[in-house]
$ cat model18.txt   # compact mmCIF, C-alpha atoms
# COMPACT_ATOMS: atom_id res chain seq x y z
CA MET F 19 47.85 -19.18 5.71
CA ALA F 20 48.00 -20.63 2.21
CA SER F 21 47.29 -17.54 0.20
CA THR F 22 49.12 -16.97 -3.05
CA LYS F 23 48.63 -14.41 -5.75
CA SER F 24 47.64 -17.11 -8.19
CA ASN F 25 44.38 -18.00 -6.46
CA ILE F 26 43.34 -14.46 -5.53
CA LYS F 27 41.11 -12.95 -8.18
CA ILE F 28 39.98 -9.34 -8.50
CA VAL F 29 36.67 -8.47 -10.16
CA ARG F 30 34.74 -5.30 -10.79
CA ILE F 31 31.38 -5.19 -9.03
CA SER F 32 28.76 -5.04 -11.77
CA SER F 33 25.42 -5.15 -9.97
CA LEU F 34 23.69 -3.81 -6.89
CA GLU F 35 23.35 -7.37 -5.59
CA GLU F 36 27.12 -7.89 -5.79
CA ALA F 37 27.74 -4.55 -4.08
CA GLU F 38 25.53 -5.56 -1.17
CA GLN F 39 27.55 -8.77 -0.76
CA LEU F 40 30.37 -6.55 0.53
CA VAL F 41 28.39 -5.18 3.49
CA ASP F 42 29.49 -7.79 6.04
CA LEU F 43 33.11 -7.48 4.93
CA ALA F 44 32.99 -3.69 5.22
CA CYS F 45 31.48 -3.85 8.71
CA GLU F 46 34.12 -6.35 9.84
CA THR F 47 36.95 -4.29 8.37
CA PHE F 48 35.91 -0.87 9.66
CA ILE F 49 34.41 -1.83 13.03
CA ASP F 50 37.28 -0.12 14.91
CA ASP F 51 37.81 2.77 12.49
CA TYR F 52 38.11 6.16 14.18
CA LEU F 53 35.80 7.93 11.73
CA PHE F 54 33.01 5.45 12.41
CA SER F 55 33.54 5.77 16.15
CA LEU F 56 32.36 9.36 15.69
CA ILE F 57 29.45 8.62 13.37
CA VAL F 58 28.25 5.31 14.82
CA PRO F 59 29.50 5.22 18.42
CA GLY F 60 26.91 2.54 19.20
CA ARG F 61 27.89 0.23 16.33
CA HIS F 62 28.84 -2.62 18.67
CA ASP F 63 25.48 -2.52 20.43
CA HIS F 64 23.51 -1.78 17.26
CA PRO F 65 25.23 -3.67 14.42
CA GLU F 66 22.12 -3.33 12.26
CA SER F 67 22.67 0.45 12.13
CA PHE F 68 26.29 -0.05 11.06
CA ARG F 69 25.16 -2.47 8.37
CA LYS F 70 22.57 0.00 7.13
CA ILE F 71 25.17 2.75 6.76
CA TRP F 72 27.55 0.49 4.86
CA LYS F 73 24.77 -0.78 2.64
CA SER F 74 24.04 2.82 1.70
CA TYR F 75 27.73 3.62 1.10
CA LEU F 76 28.22 0.60 -1.15
CA ARG F 77 25.02 1.23 -3.07
CA GLU F 78 26.18 4.81 -3.61
CA ALA F 79 29.59 3.55 -4.77
CA TYR F 80 27.96 1.23 -7.29
CA ALA F 81 25.57 3.90 -8.58
CA GLY F 82 28.02 6.79 -8.78
CA ARG F 83 29.14 7.97 -12.20
CA GLY F 84 32.88 7.45 -12.54
CA SER F 85 32.93 5.12 -9.54
CA VAL F 86 34.57 1.69 -9.78
CA THR F 87 34.13 -0.90 -7.03
CA LEU F 88 36.63 -3.76 -7.03
CA ALA F 89 36.51 -6.88 -4.88
CA ALA F 90 39.02 -9.66 -4.26
CA TYR F 91 38.17 -13.28 -3.57
CA ARG F 92 40.01 -16.58 -3.30
CA GLU F 93 39.29 -19.08 -6.05
CA ASP F 94 38.81 -22.64 -4.80
CA GLU F 95 40.56 -25.61 -6.38
CA ASP F 96 37.46 -26.39 -8.42
CA GLY F 97 37.32 -22.81 -9.71
CA ALA F 98 34.43 -21.75 -7.47
CA ARG F 99 34.41 -18.30 -5.90
CA SER F 100 34.69 -18.03 -2.13
CA GLU F 101 33.52 -15.07 -0.08
CA PHE F 102 34.95 -11.63 -0.79
CA LEU F 103 38.12 -10.89 1.17
CA ALA F 104 38.80 -7.25 0.29
CA PHE F 105 37.35 -4.36 -1.65
CA ALA F 106 38.25 -0.93 -2.97
CA VAL F 107 36.22 1.95 -4.35
CA TRP F 108 37.95 4.20 -6.87
CA ALA F 109 36.36 7.24 -8.53
CA ARG F 110 37.46 9.21 -11.60
CA PHE F 111 37.03 12.98 -11.46
CA GLY F 112 37.41 15.47 -14.28
CA THR F 113 35.88 16.64 -17.52
CA SER F 114 38.37 15.29 -20.05
CA ASP F 115 37.40 12.72 -22.66
CA VAL F 116 39.21 10.06 -20.64
CA ALA F 117 37.35 11.03 -17.46
CA ARG F 118 34.01 10.98 -19.27
CA SER F 119 34.79 7.52 -20.61
CA TRP F 120 34.74 6.29 -16.99
CA GLN F 121 31.62 8.28 -16.12
CA GLY F 122 29.15 6.40 -18.26
CA ASP F 123 25.70 5.67 -16.90
CA SER F 124 23.17 2.84 -17.05
CA TRP F 125 19.54 2.26 -16.13
CA ASN F 126 20.61 0.05 -13.23
CA LYS F 127 22.76 2.84 -11.82
CA LYS F 128 20.01 5.40 -12.34
CA LEU F 129 17.50 3.19 -10.52
CA ALA F 130 19.98 2.68 -7.68
CA ARG F 131 20.38 6.45 -7.33
CA VAL F 132 16.61 6.91 -7.26
CA GLY F 133 16.41 4.32 -4.48
CA LEU F 134 19.12 6.10 -2.51
CA LEU F 135 17.38 9.46 -2.94
CA TRP F 136 14.09 7.98 -1.76
CA ASP F 137 15.72 6.53 1.36
CA GLN F 138 17.37 9.86 2.15
CA CYS F 139 14.13 11.79 1.66
CA LEU F 140 12.22 9.36 3.84
CA GLN F 141 14.76 9.62 6.64
CA SER F 142 14.73 13.41 6.36
CA ILE F 143 10.93 13.50 6.56
CA LEU F 144 10.92 11.25 9.62
CA CYS F 145 13.61 13.45 11.23
CA GLN F 146 15.24 10.55 13.03
CA THR F 147 18.56 8.75 13.15
CA ASP F 148 19.07 5.04 13.58
CA PRO F 149 19.99 3.59 16.99
CA GLY F 150 23.67 4.04 17.79
CA VAL F 151 24.13 6.79 15.17
CA THR F 152 24.89 10.43 15.98
CA LEU F 153 25.25 13.47 13.75
CA ASP F 154 27.09 15.56 16.35
CA ALA F 155 30.49 15.19 14.70
CA ALA F 156 29.23 15.48 11.12
CA PRO F 157 29.72 19.27 10.72
CA ASP F 158 33.36 19.11 11.83
CA ILE F 159 34.10 16.09 9.63
CA PHE F 160 32.55 17.63 6.53
CA SER F 161 34.21 20.97 7.23
CA SER F 162 37.63 19.33 7.46
CA LEU F 163 37.10 17.36 4.27
CA SER F 164 35.69 20.37 2.41
CA SER F 165 38.74 22.44 3.32
CA THR F 166 40.91 20.14 1.19
CA VAL F 167 38.78 20.30 -1.96
CA SER F 168 40.59 23.39 -3.29
CA LEU F 169 43.82 21.38 -3.22
CA HIS F 170 42.46 18.64 -5.47
CA PRO F 171 43.68 18.63 -9.09
CA LYS F 172 40.77 18.88 -11.53
CA GLU F 173 41.68 15.58 -13.20
CA HIS F 174 42.39 12.75 -10.77
CA TRP F 175 41.47 9.35 -9.43
CA SER F 176 40.36 9.16 -5.79
CA LEU F 177 40.40 6.12 -3.52
CA SER F 178 37.19 6.36 -1.50
CA TRP F 179 37.50 3.08 0.41
CA LEU F 180 40.02 0.28 0.82
CA GLY F 181 39.06 -2.56 3.14
CA VAL F 182 40.75 -5.90 3.77
CA SER F 183 39.34 -8.64 5.98
CA PRO F 184 41.26 -8.91 9.27
CA LYS F 185 42.04 -12.54 8.46
CA CYS F 186 43.81 -11.48 5.24
CA GLN F 187 45.91 -8.58 6.49
CA ARG F 188 49.50 -8.39 5.19
CA THR F 189 48.87 -10.78 2.31
CA GLY F 190 49.26 -8.19 -0.45
CA ILE F 191 45.57 -8.09 -1.38
CA GLY F 192 45.14 -4.47 -0.36
CA GLN F 193 48.24 -3.49 -2.30
CA ARG F 194 46.85 -5.12 -5.46
CA LEU F 195 43.59 -3.18 -5.14
CA LEU F 196 45.59 -0.01 -4.61
CA GLN F 197 47.79 -0.81 -7.60
CA TRP F 198 44.74 -0.98 -9.88
CA GLY F 199 44.11 2.71 -9.39
CA ILE F 200 47.80 3.60 -9.61
CA ASP F 201 47.99 1.83 -12.97
CA ARG F 202 45.04 3.85 -14.26
CA CYS F 203 46.69 7.06 -13.04
CA GLU F 204 49.94 6.27 -14.80
CA GLU F 205 48.13 5.31 -18.00
CA GLU F 206 46.12 8.54 -17.96
CA GLN F 207 48.87 10.75 -16.49
CA VAL F 208 46.76 12.02 -13.59
CA PRO F 209 47.41 11.97 -9.83
CA ALA F 210 45.71 9.79 -7.23
CA LEU F 211 44.22 11.09 -3.99
CA LEU F 212 43.06 9.36 -0.83
CA LEU F 213 42.27 9.99 2.82
CA ALA F 214 44.71 7.88 4.81
CA THR F 215 44.21 6.48 8.28
CA ALA F 216 47.23 6.25 10.55
CA PRO F 217 47.56 2.45 10.07
CA GLY F 218 47.31 2.77 6.30
CA ARG F 219 49.87 5.54 5.81
CA PRO F 220 52.97 3.27 5.66
CA LEU F 221 51.48 1.30 2.74
CA TYR F 222 50.44 4.44 0.91
CA ALA F 223 53.86 6.04 1.42
CA LYS F 224 55.49 2.87 0.11
CA MET F 225 53.33 3.14 -3.02
CA GLY F 226 54.40 6.73 -3.72
CA PHE F 227 51.77 8.79 -1.88
CA GLN F 228 52.74 11.87 0.12
CA ASP F 229 50.88 14.17 2.48
CA LEU F 230 48.91 16.89 0.72
CA GLY F 231 50.09 19.87 2.74
CA ASP F 232 49.19 19.64 6.43
CA THR F 233 45.57 18.69 5.88
CA ILE F 234 44.80 16.61 8.94
CA CYS F 235 41.12 15.92 8.50
CA HIS F 236 40.15 15.10 12.06
CA GLU F 237 41.57 14.13 15.42
CA GLY F 238 42.04 10.48 14.47
CA GLY F 239 45.12 11.43 12.47
CA ASN F 240 43.57 10.94 9.06
CA VAL F 241 45.38 12.93 6.40
CA MET F 242 44.80 13.62 2.72
CA MET F 243 47.54 12.12 0.55
CA ILE F 244 48.39 12.45 -3.12
CA ARG F 245 50.42 10.38 -5.53
CA PRO F 246 51.67 12.92 -8.04
CA VAL F 247 52.47 12.15 -11.64
CA GLU F 248 55.68 13.63 -13.00
CA GLY F 249 54.90 16.61 -15.18
CA VAL F 250 51.32 16.86 -13.91
CA VAL F 251 51.56 17.82 -10.25
CA LYS F 252 54.44 19.59 -8.54
CA MET F 253 54.49 19.39 -4.77
CA VAL F 254 55.56 22.55 -2.95
$ encode --input "model18.txt" --output "structure tokens"
Amino acid sequence: MASTKSNIKIVRISSLEEAEQLVDLACETFIDDYLFSLIVPGRHDHPESFRKIWKSYLREAYAGRGSVTLAAYREDEDGARSEFLAFAVWARFGTSDVARSWQGDSWNKKLARVGLLWDQCLQSILCQTDPGVTLDAAPDIFSSLSSTVSLHPKEHWSLSWLGVSPKCQRTGIGQRLLQWGIDRCEEEQVPALLLATAPGRPLYAKMGFQDLGDTICHEGGNVMMIRPVEGVVKMV
């Protein structure tokens, strides 16, 4: 595949419309993910439910304060943008001046959050889940994730999502999206955290991440990992 660094561009998603352009890519990338096999076991038979969930996730990522959604695309010879090939969602946590500089708000983000809240309220009122979706595993998943919160440094960047199209695996695109957050961490002298899947752990380890204790978050082998910054975090 003719894919070089020179014609792969990375942009920050700056509108709700752009965020929703990532839905198909996200569904394609995470169709076999263990976590989604628990939440949307019927995703193959009900792809519209899977799309709806990802649309909500990506809208939330766009609207969140401190959240940064990046997307990679291949630039054609005439300079035109092709479809998105990969995406990452980073979020800055903390109360420092640097953290607050990333946590700015806008009317577009506020409106997006209102829309999300309305959708959630409506679904709660109707007391129903979409076809192919189950909430049976939700308590265990949230309990596992919540148990790691006390281990999080107050000031940090967190990688919420990293997805690369199956046709672009092992081309370095995912590593570039990961590097964006690592660069911010090194500039700001804060650690990076992420929840790693088993397939993703080799890349994360290569980039300096290490397991955060023994915090296996669920049976799929997902584990919380941290990339410490010298002088900021000391691993026991």
$ residues_around --input "model18.txt" --residues "Gly218 in chain F" --least-positions-apart "6" --cutoff "12 Å" --atoms "all atoms listed in the file" --output "ChimeraX atom specification"
/F:51,179-182,187-188,192-193,196,212,224-225,227,239-243
$ residues_around --input "model18.txt" --residues "range 37-46 of chain F" --least-positions-apart "2" --cutoff "12 Å" --atoms "all atoms listed in the file" --output "PyMOL selection string"
chain F and resi 29-35+48-51+54+58+61-62+64-81+86-91+100-107+127+130+179-186
$ atom_distance --input "model18.txt" --atom1 "CA of Asp137 in chain F" --atom2 "CA of Thr113 in chain F"
29.4 Å
$ atom_distance --input "model18.txt" --atom1 "CA of Ser178 in chain F" --atom2 "CA of Leu213 in chain F"
7.6 Å
$ residues_around --input "model18.txt" --residues "Gly226 in chain F" --least-positions-apart "4" --cutoff "9 Å" --atoms "all atoms listed in the file" --output "list in words"
Leu221, Tyr222, Ile244, Arg245 and Pro246 of chain F
$ closest_residue --input "model18.txt" --among "F:Ala155, F:Leu195, F:Leu211, F:Ala117" --to "Pro171 in chain F" --atoms "all atoms listed in the file"
F:Leu211
$ atom_distance --input "model18.txt" --atom1 "CA of Ile191 in chain F" --atom2 "CA of Trp108 in chain F"
15.5 Å
$ closest_residue --input "model18.txt" --among "F:Ser176, F:Ile26, F:Val247, F:Asp158" --to "Gln207 in chain F" --atoms "all atoms listed in the file"
F:Val247
$ decode --input "model18.txt" --residues "range 104-153 of chain F" --atoms "N, CA and C atoms" --output "mmCIF file, in the first residue's frame"
data_model
loop_
_atom_site.group_PDB
_atom_site.id
_atom_site.type_symbol
_atom_site.label_atom_id
_atom_site.label_comp_id
_atom_site.auth_asym_id
_atom_site.auth_seq_id
_atom_site.Cartn_x
_atom_site.Cartn_y
_atom_site.Cartn_z
ATOM 1 N N ALA F 104 -8.155 7.198 10.581
ATOM 2 C CA ALA F 104 -7.884 6.895 11.985
ATOM 3 C C ALA F 104 -8.310 8.087 12.837
ATOM 4 N N PHE F 105 -8.521 7.825 14.112
ATOM 5 C CA PHE F 105 -8.895 8.914 15.015
ATOM 6 C C PHE F 105 -8.421 8.604 16.428
ATOM 7 N N ALA F 106 -8.293 9.646 17.214
ATOM 8 C CA ALA F 106 -7.943 9.504 18.627
ATOM 9 C C ALA F 106 -8.686 10.569 19.414
ATOM 10 N N VAL F 107 -9.050 10.224 20.630
ATOM 11 C CA VAL F 107 -9.681 11.187 21.535
ATOM 12 C C VAL F 107 -8.820 11.282 22.788
ATOM 13 N N TRP F 108 -8.237 12.446 22.993
ATOM 14 C CA TRP F 108 -7.451 12.736 24.187
ATOM 15 C C TRP F 108 -8.239 13.697 25.077
ATOM 16 N N ALA F 109 -8.025 13.609 26.388
ATOM 17 C CA ALA F 109 -8.698 14.523 27.316
ATOM 18 C C ALA F 109 -7.718 14.965 28.393
ATOM 19 N N ARG F 110 -7.753 16.259 28.699
ATOM 20 C CA ARG F 110 -6.847 16.827 29.719
ATOM 21 C C ARG F 110 -7.595 16.983 31.029
ATOM 22 N N PHE F 111 -7.063 16.382 32.080
ATOM 23 C CA PHE F 111 -7.661 16.463 33.405
ATOM 24 C C PHE F 111 -6.761 17.276 34.331
ATOM 25 N N GLY F 112 -7.380 17.954 35.282
ATOM 26 C CA GLY F 112 -6.621 18.722 36.253
ATOM 27 C C GLY F 112 -7.219 20.096 36.468
ATOM 28 N N THR F 113 -6.622 20.824 37.389
ATOM 29 C CA THR F 113 -7.121 22.156 37.732
ATOM 30 C C THR F 113 -6.048 23.231 37.578
ATOM 31 N N SER F 114 -4.903 22.868 37.054
ATOM 32 C CA SER F 114 -3.822 23.833 36.865
ATOM 33 C C SER F 114 -4.186 24.819 35.757
ATOM 34 N N ASP F 115 -3.411 25.880 35.656
ATOM 35 C CA ASP F 115 -3.643 26.856 34.593
ATOM 36 C C ASP F 115 -3.506 26.208 33.217
ATOM 37 N N VAL F 116 -2.538 25.308 33.088
ATOM 38 C CA VAL F 116 -2.345 24.630 31.802
ATOM 39 C C VAL F 116 -3.557 23.761 31.480
ATOM 40 N N ALA F 117 -4.041 23.021 32.480
ATOM 41 C CA ALA F 117 -5.221 22.177 32.261
ATOM 42 C C ALA F 117 -6.417 23.025 31.854
ATOM 43 N N ARG F 118 -6.622 24.132 32.556
ATOM 44 C CA ARG F 118 -7.768 24.989 32.247
ATOM 45 C C ARG F 118 -7.660 25.604 30.854
ATOM 46 N N SER F 119 -6.434 25.782 30.377
ATOM 47 C CA SER F 119 -6.272 26.339 29.030
ATOM 48 C C SER F 119 -6.795 25.387 27.961
ATOM 49 N N TRP F 120 -6.830 24.088 28.276
ATOM 50 C CA TRP F 120 -7.378 23.088 27.357
ATOM 51 C C TRP F 120 -8.876 22.880 27.563
ATOM 52 N N GLN F 121 -9.404 23.393 28.654
ATOM 53 C CA GLN F 121 -10.788 23.111 29.040
ATOM 54 C C GLN F 121 -11.737 24.256 28.709
ATOM 55 N N GLY F 122 -11.362 25.050 27.733
ATOM 56 C CA GLY F 122 -12.231 26.135 27.303
ATOM 57 C C GLY F 122 -13.543 25.620 26.725
ATOM 58 N N ASP F 123 -14.524 26.484 26.671
ATOM 59 C CA ASP F 123 -15.856 26.084 26.217
ATOM 60 C C ASP F 123 -16.293 26.975 25.062
ATOM 61 N N SER F 124 -17.346 26.565 24.386
ATOM 62 C CA SER F 124 -17.916 27.360 23.295
ATOM 63 C C SER F 124 -19.413 27.089 23.233
ATOM 64 N N TRP F 125 -20.133 27.972 22.534
ATOM 65 C CA TRP F 125 -21.573 27.766 22.398
ATOM 66 C C TRP F 125 -21.879 26.475 21.652
ATOM 67 N N ASN F 126 -21.072 26.149 20.651
ATOM 68 C CA ASN F 126 -21.301 24.914 19.902
ATOM 69 C C ASN F 126 -21.170 23.695 20.810
ATOM 70 N N LYS F 127 -20.168 23.717 21.686
ATOM 71 C CA LYS F 127 -19.996 22.594 22.608
ATOM 72 C C LYS F 127 -21.140 22.539 23.617
ATOM 73 N N LYS F 128 -21.548 23.699 24.099
ATOM 74 C CA LYS F 128 -22.661 23.736 25.051
ATOM 75 C C LYS F 128 -23.941 23.193 24.422
ATOM 76 N N LEU F 129 -24.211 23.587 23.189
ATOM 77 C CA LEU F 129 -25.403 23.096 22.489
ATOM 78 C C LEU F 129 -25.324 21.592 22.270
ATOM 79 N N ALA F 130 -24.123 21.103 21.957
ATOM 80 C CA ALA F 130 -23.949 19.662 21.763
ATOM 81 C C ALA F 130 -24.227 18.914 23.061
ATOM 82 N N ARG F 131 -23.791 19.470 24.190
ATOM 83 C CA ARG F 131 -24.046 18.819 25.481
ATOM 84 C C ARG F 131 -25.530 18.826 25.819
ATOM 85 N N VAL F 132 -26.213 19.907 25.481
ATOM 86 C CA VAL F 132 -27.663 19.962 25.706
ATOM 87 C C VAL F 132 -28.356 18.880 24.883
ATOM 88 N N GLY F 133 -27.925 18.717 23.637
ATOM 89 C CA GLY F 133 -28.504 17.686 22.784
ATOM 90 C C GLY F 133 -28.278 16.292 23.336
ATOM 91 N N LEU F 134 -27.075 16.051 23.851
ATOM 92 C CA LEU F 134 -26.769 14.752 24.449
ATOM 93 C C LEU F 134 -27.629 14.507 25.682
ATOM 94 N N LEU F 135 -27.775 15.531 26.515
ATOM 95 C CA LEU F 135 -28.583 15.398 27.727
ATOM 96 C C LEU F 135 -30.039 15.116 27.380
ATOM 97 N N TRP F 136 -30.547 15.775 26.359
ATOM 98 C CA TRP F 136 -31.923 15.546 25.927
ATOM 99 C C TRP F 136 -32.109 14.105 25.461
ATOM 100 N N ASP F 137 -31.174 13.607 24.672
ATOM 101 C CA ASP F 137 -31.262 12.227 24.186
ATOM 102 C C ASP F 137 -31.246 11.242 25.348
ATOM 103 N N GLN F 138 -30.382 11.493 26.338
ATOM 104 C CA GLN F 138 -30.287 10.599 27.484
ATOM 105 C C GLN F 138 -31.564 10.629 28.321
ATOM 106 N N CYS F 139 -32.110 11.818 28.504
ATOM 107 C CA CYS F 139 -33.358 11.943 29.271
ATOM 108 C C CYS F 139 -34.508 11.234 28.568
ATOM 109 N N LEU F 140 -34.562 11.401 27.250
ATOM 110 C CA LEU F 140 -35.632 10.778 26.480
ATOM 111 C C LEU F 140 -35.548 9.265 26.568
ATOM 112 N N GLN F 141 -34.341 8.730 26.457
ATOM 113 C CA GLN F 141 -34.179 7.285 26.526
ATOM 114 C C GLN F 141 -34.517 6.772 27.921
ATOM 115 N N SER F 142 -34.172 7.562 28.938
ATOM 116 C CA SER F 142 -34.482 7.172 30.313
ATOM 117 C C SER F 142 -35.988 7.167 30.551
ATOM 118 N N ILE F 143 -36.672 8.163 30.000
ATOM 119 C CA ILE F 143 -38.127 8.246 30.158
ATOM 120 C C ILE F 143 -38.812 7.067 29.474
ATOM 121 N N LEU F 144 -38.313 6.709 28.301
ATOM 122 C CA LEU F 144 -38.915 5.609 27.549
ATOM 123 C C LEU F 144 -38.573 4.250 28.145
ATOM 124 N N CYS F 145 -37.514 4.223 28.994
ATOM 125 C CA CYS F 145 -37.120 2.977 29.669
ATOM 126 C C CYS F 145 -36.909 1.834 28.682
ATOM 127 N N GLN F 146 -36.154 2.099 27.636
ATOM 128 C CA GLN F 146 -35.897 1.042 26.668
ATOM 129 C C GLN F 146 -34.480 1.160 26.127
ATOM 130 N N THR F 147 -33.951 0.025 25.695
ATOM 131 C CA THR F 147 -32.639 -0.002 25.057
ATOM 132 C C THR F 147 -32.832 -0.317 23.583
ATOM 133 N N ASP F 148 -31.859 0.054 22.790
ATOM 134 C CA ASP F 148 -31.945 -0.197 21.357
ATOM 135 C C ASP F 148 -31.742 -1.676 21.059
ATOM 136 N N PRO F 149 -32.224 -2.152 19.911
ATOM 137 C CA PRO F 149 -32.049 -3.559 19.536
ATOM 138 C C PRO F 149 -30.574 -3.945 19.516
ATOM 139 N N GLY F 150 -30.262 -5.094 20.096
ATOM 140 C CA GLY F 150 -28.887 -5.577 20.093
ATOM 141 C C GLY F 150 -28.043 -5.060 21.232
ATOM 142 N N VAL F 151 -28.610 -4.161 22.056
ATOM 143 C CA VAL F 151 -27.872 -3.557 23.170
ATOM 144 C C VAL F 151 -28.340 -4.175 24.484
ATOM 145 N N THR F 152 -27.409 -4.424 25.394
ATOM 146 C CA THR F 152 -27.763 -4.931 26.715
ATOM 147 C C THR F 152 -26.999 -4.159 27.779
ATOM 148 N N LEU F 153 -27.623 -3.973 28.917
ATOM 149 C CA LEU F 153 -26.985 -3.274 30.035
ATOM 150 C C LEU F 153 -26.531 -4.240 31.123
#
